[in-house]
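Below: one structure, written as structure tokens.
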Amino acid sequence: MITLRADWVLPIAGPPVRNGFVALEHGRIVAVGDRPPEDAVPIGHVAILPALVNAHTHLELSYLHERVPPSGSFNDWVRTLMALRRGHPDPAAPVILDAAKRAIAQARASGTGLVGDVSNTLETVALLREAGMAAHVFHELMGFNIHDPAGKVEQARAKAQAASVDERGVRISLAPHAPYSVSPALFAAIRADVDAHPNGVSTVHLGESADEVELLRYGTGMTRTVLEELGVWSDTWCPPGVSPVEYLSKLGFLNARVLVVHGVQFEGGDLARLKAMGSTLVSCPRSNRYVGVGEPPLEAFYAADVSVAFGTDSLASVADLNMFAELVEARRIAPQVPARRLLHSATLTAARALGFERDYGSIEKGKCAALIAVRVPDQVDDVEEYLVSGIEPDAVTWLDAGGMHA
Ligand SMILES: [Zn+2]
């Protein structure tokens, strides 16, 4: 057993502890608290906290970093992304896999220990396992005008099974992309598959752009134009005439085990509905800005008491996978939300949403010793506020039961 002593310990499950300690054995937390024992090893002017959780990213798109320019128009961003992806038909091309590997390493170096990774190809599963990064991989399906949704789901299920999953470290389930790219029948088939499997969490992009809202209300607008351009529009689809949240709850897709990503366009009624259903709302504020859909109403999310998590989204729409940088943007947009709640979102809320709360998300006895130490200057009094003010990877060190390693 080793006991580490630090200026600060942030259990997340409780308030920060000044001059705290954490005791670790066999890769697990065995004790945490104030009044460190005599033999505790001092690790200095740092805050010990649980590894951060990135609840939404697409590692397989890492090779598109800085290749899709920031946009004032979401649809232009989508058009460029789709053109680039269609020009790269081999999902296992070295350029794609190498970029994903570097992205995983970058996420880890900035303190992330668990990710919710969205993948169309499942090429990232092996990379995550190799890197020892815990993950829930969402095998994402699209199909707005497909004829055999059950067959598509069956195929995807077989592929997920074949990806040789290690239930502890990397899990896989199916997920629909978004209401404008998935038909009602495909939503139903995915829901049936997710329900049939344990650890059955799922995710969906929802309420990202104003065009999506227009499409669902009236069946018109730029999203429709883009779908027509891509040759995937369906003439049999009828606009439901409701908000994105109402639409997916009427389809029976939303529940407490769904991570709803973005919500930039959500209003009071949507938030109340999500709260009632227990879904987690994953906000990716830096990506929202990059793709030109505006700012998420974060203060309203928290005021509605919805479970909020954060994600970086992919490197095609964000500068880096540093979750601390995402917290800076969240702090800027939501100055009234206490730093403690933002940190809870980036750790325990997200770990719970992904179904990893037994091991991740907080410093509590029995959980896995996936802990980081963040350098904190001596004079800092409000450590939580400091941690959402911008932490660079060089201030982050990983801890484990054997001591410290960079
Ligand atoms: Zn996304």
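We label chains A, B, ... in the order they appear in the structure tokens, count residues from 1 in each chain, and number ligands from 1 in the order shown.
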
Strand (DSSP E or B) positions in region 14-162 of chain A, given as a ChimeraX atom specification: /A:17-25,28-34,41-42,46-50,52-57,112-119,134-141,143

Residues near Val46 (chain A), cut-off 8 Å, only C-alpha atoms, skip fewer than 3 positions along chain, as a PyMOL selection string: chain A and resi 6-8+43+373-377

For region 169-183 of chain A: contacts at 7 Å, only C-alpha atoms, fewer than 6 positions along chain excluded, given as a list in words: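 Neighbouring residues, sequence-local ones excluded: Arg129, Ala134, Ala135, His136, Val137, Phe138, His139, Glu140, Leu141, Met142, Gly143, Phe144, Asn145, Ala160, Ile190, Val194, Gly200, Val201, Ser202, Thr203, Val204, His205, Leu206 and Glu212 of chain A.
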
Environment of ligand 1 within 12 Å, counting only C-alpha atoms and all ligand atoms, reported as a PyMOL selection string: chain A and resi 54-61+78+116-120+138+140+175-178+203-208+259-263+282-288+291+310-318

Gap from CA of Phe324 (chain A) to CA of Asp270 (chain A) - Å, one decimal: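 Going from CA of Phe324 (chain A) over to CA of Asp270 (chain A) covers 27.8 Å.
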
Point-to-point distance in Å for CA of Arg108 (chain A) and CA of Ile372 (chain A):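 Computing it gives 10.1 Å between the two atoms.
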
Who sits within 9 Å of region 348-364 of chain A, only C-alpha atoms, same chain under 3 positions skipped, as a PyMOL selection string: chain A and resi 9-13+22+28-32+48-55+113-116+134-136+168+199-202+256-259+279-280+282+307-310+343-345+367-371

DSSP helix (DSSP H, G or I) residues within region 11-247 of chain A, as JSON, numbers by chain: {"A": [59, 60, 61, 62, 63, 64, 74, 75, 76, 77, 78, 79, 80, 81, 82, 83, 84, 85, 86, 94, 95, 96, 97, 98, 99, 100, 101, 102, 103, 104, 105, 106, 107, 108, 109, 124, 125, 126, 127, 128, 129, 130, 131, 149, 150, 151, 152, 153, 154, 155, 156, 157, 158, 159, 160, 161, 162, 184, 185, 186, 187, 188, 189, 190, 191, 192, 193, 194, 195, 210, 211, 212, 213, 214, 215, 216, 217, 218, 222, 223, 224, 225, 226, 227, 228, 229, 244, 245, 246, 247]}

Got time to write the residues from that selection, C-alpha atoms, as an mmCIF file, in the first residue's frame?
```cif
data_model
loop_
_atom_site.group_PDB
_atom_site.id
_atom_site.type_symbol
_atom_site.label_atom_id
_atom_site.label_comp_id
_atom_site.auth_asym_id
_atom_site.auth_seq_id
_atom_site.Cartn_x
_atom_site.Cartn_y
_atom_site.Cartn_z
ATOM 1 C CA LEU A 59 -11.297 9.339 -32.335
ATOM 2 C CA GLU A 60 -11.514 7.948 -35.864
ATOM 3 C CA LEU A 61 -11.884 11.514 -37.179
ATOM 4 C CA SER A 62 -8.616 12.668 -35.584
ATOM 5 C CA TYR A 63 -6.864 12.639 -38.976
ATOM 6 C CA LEU A 64 -9.147 15.503 -40.032
ATOM 7 C CA PHE A 74 -22.983 24.039 -39.766
ATOM 8 C CA ASN A 75 -24.021 22.679 -43.146
ATOM 9 C CA ASP A 76 -20.825 23.897 -44.828
ATOM 10 C CA TRP A 77 -18.846 22.175 -42.094
ATOM 11 C CA VAL A 78 -20.794 18.930 -42.650
ATOM 12 C CA ARG A 79 -20.355 19.176 -46.435
ATOM 13 C CA THR A 80 -16.557 19.505 -46.121
ATOM 14 C CA LEU A 81 -16.367 16.698 -43.547
ATOM 15 C CA MET A 82 -18.437 14.321 -45.681
ATOM 16 C CA ALA A 83 -16.406 15.083 -48.815
ATOM 17 C CA LEU A 84 -13.151 14.365 -46.945
ATOM 18 C CA ARG A 85 -14.482 11.135 -45.449
ATOM 19 C CA ARG A 86 -15.801 9.902 -48.779
ATOM 20 C CA PRO A 94 -2.322 4.207 -41.407
ATOM 21 C CA VAL A 95 -2.977 7.957 -41.539
ATOM 22 C CA ILE A 96 -6.322 7.389 -39.775
ATOM 23 C CA LEU A 97 -5.080 4.898 -37.183
ATOM 24 C CA ASP A 98 -1.906 6.863 -36.380
ATOM 25 C CA ALA A 99 -3.874 10.051 -35.832
ATOM 26 C CA ALA A 100 -6.319 8.218 -33.561
ATOM 27 C CA LYS A 101 -3.424 6.760 -31.549
ATOM 28 C CA ARG A 102 -1.877 10.195 -31.099
ATOM 29 C CA ALA A 103 -5.271 11.560 -30.062
ATOM 30 C CA ILE A 104 -5.669 8.891 -27.370
ATOM 31 C CA ALA A 105 -2.173 9.705 -26.083
ATOM 32 C CA GLN A 106 -3.001 13.417 -26.085
ATOM 33 C CA ALA A 107 -6.237 12.813 -24.170
ATOM 34 C CA ARG A 108 -4.386 10.762 -21.587
ATOM 35 C CA ALA A 109 -1.587 13.315 -21.235
ATOM 36 C CA THR A 124 -10.686 2.544 -32.486
ATOM 37 C CA VAL A 125 -11.642 -0.377 -30.221
ATOM 38 C CA ALA A 126 -8.273 -2.110 -30.569
ATOM 39 C CA LEU A 127 -6.396 1.190 -30.259
ATOM 40 C CA LEU A 128 -8.158 2.061 -27.013
ATOM 41 C CA ARG A 129 -7.421 -1.358 -25.560
ATOM 42 C CA GLU A 130 -3.759 -1.162 -26.574
ATOM 43 C CA ALA A 131 -3.457 2.247 -24.948
ATOM 44 C CA PRO A 149 -33.131 -1.348 -40.705
ATOM 45 C CA ALA A 150 -33.288 -4.685 -38.864
ATOM 46 C CA GLY A 151 -30.677 -6.111 -41.223
ATOM 47 C CA LYS A 152 -28.430 -3.109 -40.733
ATOM 48 C CA VAL A 153 -28.619 -3.474 -36.959
ATOM 49 C CA GLU A 154 -27.966 -7.203 -37.170
ATOM 50 C CA GLN A 155 -24.826 -6.555 -39.216
ATOM 51 C CA ALA A 156 -23.635 -3.881 -36.814
ATOM 52 C CA ARG A 157 -24.259 -6.170 -33.862
ATOM 53 C CA ALA A 158 -22.175 -8.924 -35.464
ATOM 54 C CA LYS A 159 -19.369 -6.448 -36.074
ATOM 55 C CA ALA A 160 -19.509 -5.241 -32.469
ATOM 56 C CA GLN A 161 -19.374 -8.816 -31.235
ATOM 57 C CA ALA A 162 -16.386 -9.554 -33.452
ATOM 58 C CA PRO A 184 -37.810 6.162 -37.327
ATOM 59 C CA ALA A 185 -37.608 2.437 -38.129
ATOM 60 C CA LEU A 186 -33.828 2.434 -37.658
ATOM 61 C CA PHE A 187 -34.204 4.257 -34.309
ATOM 62 C CA ALA A 188 -36.610 1.503 -33.234
ATOM 63 C CA ALA A 189 -34.280 -1.290 -34.361
ATOM 64 C CA ILE A 190 -31.313 0.275 -32.517
ATOM 65 C CA ARG A 191 -33.413 0.743 -29.385
ATOM 66 C CA ALA A 192 -34.399 -2.949 -29.477
ATOM 67 C CA ASP A 193 -30.742 -3.989 -29.781
ATOM 68 C CA VAL A 194 -29.564 -1.705 -26.970
ATOM 69 C CA ASP A 195 -32.346 -2.984 -24.685
ATOM 70 C CA ALA A 210 -31.153 25.539 -35.916
ATOM 71 C CA ASP A 211 -31.498 23.806 -39.302
ATOM 72 C CA GLU A 212 -32.139 20.472 -37.573
ATOM 73 C CA VAL A 213 -34.946 22.098 -35.581
ATOM 74 C CA GLU A 214 -36.425 23.560 -38.777
ATOM 75 C CA LEU A 215 -36.296 20.192 -40.528
ATOM 76 C CA LEU A 216 -38.170 18.440 -37.715
ATOM 77 C CA ARG A 217 -40.764 21.230 -37.457
ATOM 78 C CA TYR A 218 -41.450 21.913 -41.116
ATOM 79 C CA MET A 222 -30.543 23.581 -45.253
ATOM 80 C CA THR A 223 -30.358 20.177 -43.573
ATOM 81 C CA ARG A 224 -32.834 18.880 -46.116
ATOM 82 C CA THR A 225 -30.783 20.424 -48.940
ATOM 83 C CA VAL A 226 -27.612 18.712 -47.690
ATOM 84 C CA LEU A 227 -29.402 15.335 -47.399
ATOM 85 C CA GLU A 228 -30.694 15.745 -50.943
ATOM 86 C CA GLU A 229 -27.198 16.631 -52.193
ATOM 87 C CA PRO A 244 -35.898 17.260 -31.373
ATOM 88 C CA VAL A 245 -36.371 16.053 -27.777
ATOM 89 C CA GLU A 246 -40.109 15.567 -28.250
ATOM 90 C CA TYR A 247 -39.512 13.688 -31.476
#
```

Selection near Glu38 (chain A), 12 Å with only C-alpha atoms, sequence-local residues under 3 positions removed, as a ChimeraX atom specification: /A:2-5,21,35,41-42

Take the residues just selected and output them with all heavy atoms as an mmCIF file, in the first residue's frame.
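Output file again_25.cif is given in full below:
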```cif
data_model
loop_
_atom_site.group_PDB
_atom_site.id
_atom_site.type_symbol
_atom_site.label_atom_id
_atom_site.label_comp_id
_atom_site.auth_asym_id
_atom_site.auth_seq_id
_atom_site.Cartn_x
_atom_site.Cartn_y
_atom_site.Cartn_z
ATOM 1 N N ILE A 2 0.413 2.270 -0.685
ATOM 2 C CA ILE A 2 1.117 3.551 -0.641
ATOM 3 C C ILE A 2 0.108 4.660 -0.330
ATOM 4 O O ILE A 2 -1.027 4.629 -0.809
ATOM 5 C CB ILE A 2 1.875 3.833 -1.961
ATOM 6 C CG1 ILE A 2 2.647 5.141 -1.853
ATOM 7 C CG2 ILE A 2 0.923 3.898 -3.153
ATOM 8 C CD1 ILE A 2 3.720 5.318 -2.905
ATOM 9 N N THR A 3 0.530 5.583 0.516
ATOM 10 C CA THR A 3 -0.342 6.705 0.846
ATOM 11 C C THR A 3 0.297 7.995 0.334
ATOM 12 O O THR A 3 1.460 8.278 0.625
ATOM 13 C CB THR A 3 -0.563 6.791 2.374
ATOM 14 O OG1 THR A 3 -1.093 5.544 2.800
ATOM 15 C CG2 THR A 3 -1.523 7.898 2.742
ATOM 16 N N LEU A 4 -0.448 8.735 -0.444
ATOM 17 C CA LEU A 4 0.054 9.980 -1.024
ATOM 18 C C LEU A 4 -0.617 11.162 -0.342
ATOM 19 O O LEU A 4 -1.824 11.148 -0.074
ATOM 20 C CB LEU A 4 -0.254 10.007 -2.530
ATOM 21 C CG LEU A 4 0.266 8.813 -3.343
ATOM 22 C CD1 LEU A 4 -0.242 8.881 -4.780
ATOM 23 C CD2 LEU A 4 1.793 8.773 -3.317
ATOM 24 N N ARG A 5 0.198 12.166 -0.099
ATOM 25 C CA ARG A 5 -0.303 13.358 0.589
ATOM 26 C C ARG A 5 -0.151 14.546 -0.356
ATOM 27 O O ARG A 5 0.879 14.685 -1.013
ATOM 28 C CB ARG A 5 0.592 13.549 1.813
ATOM 29 C CG ARG A 5 0.130 14.578 2.772
ATOM 30 C CD ARG A 5 1.061 14.571 3.971
ATOM 31 N NE ARG A 5 1.878 15.761 3.956
ATOM 32 C CZ ARG A 5 3.040 15.898 4.578
ATOM 33 N NH1 ARG A 5 3.564 14.860 5.230
ATOM 34 N NH2 ARG A 5 3.679 17.026 4.536
ATOM 35 N N PHE A 21 -5.162 13.165 1.816
ATOM 36 C CA PHE A 21 -4.369 12.006 1.418
ATOM 37 C C PHE A 21 -5.251 10.994 0.692
ATOM 38 O O PHE A 21 -6.476 10.997 0.830
ATOM 39 C CB PHE A 21 -3.707 11.342 2.641
ATOM 40 C CG PHE A 21 -4.655 10.533 3.474
ATOM 41 C CD1 PHE A 21 -4.780 9.154 3.271
ATOM 42 C CD2 PHE A 21 -5.440 11.141 4.457
ATOM 43 C CE1 PHE A 21 -5.682 8.403 4.028
ATOM 44 C CE2 PHE A 21 -6.332 10.386 5.212
ATOM 45 C CZ PHE A 21 -6.456 9.020 4.998
ATOM 46 N N ARG A 35 -6.059 14.765 7.393
ATOM 47 C CA ARG A 35 -5.109 14.234 8.375
ATOM 48 C C ARG A 35 -4.331 13.029 7.840
ATOM 49 O O ARG A 35 -4.592 11.875 8.218
ATOM 50 C CB ARG A 35 -5.831 13.842 9.660
ATOM 51 C CG ARG A 35 -6.438 15.056 10.312
ATOM 52 C CD ARG A 35 -6.887 14.733 11.684
ATOM 53 N NE ARG A 35 -8.138 15.395 11.962
ATOM 54 C CZ ARG A 35 -8.957 15.086 12.938
ATOM 55 N NH1 ARG A 35 -8.656 14.104 13.747
ATOM 56 N NH2 ARG A 35 -10.057 15.752 13.121
ATOM 57 N N VAL A 41 3.436 9.795 1.682
ATOM 58 C CA VAL A 41 4.470 10.377 0.810
ATOM 59 C C VAL A 41 3.964 11.725 0.281
ATOM 60 O O VAL A 41 2.942 11.773 -0.388
ATOM 61 C CB VAL A 41 4.739 9.438 -0.389
ATOM 62 C CG1 VAL A 41 5.810 10.020 -1.303
ATOM 63 C CG2 VAL A 41 5.100 8.036 0.098
ATOM 64 N N PRO A 42 4.690 12.803 0.606
ATOM 65 C CA PRO A 42 4.220 14.104 0.105
ATOM 66 C C PRO A 42 4.476 14.240 -1.390
ATOM 67 O O PRO A 42 5.572 13.959 -1.848
ATOM 68 C CB PRO A 42 5.062 15.115 0.895
ATOM 69 C CG PRO A 42 6.275 14.365 1.329
ATOM 70 C CD PRO A 42 5.937 12.905 1.366
#
```
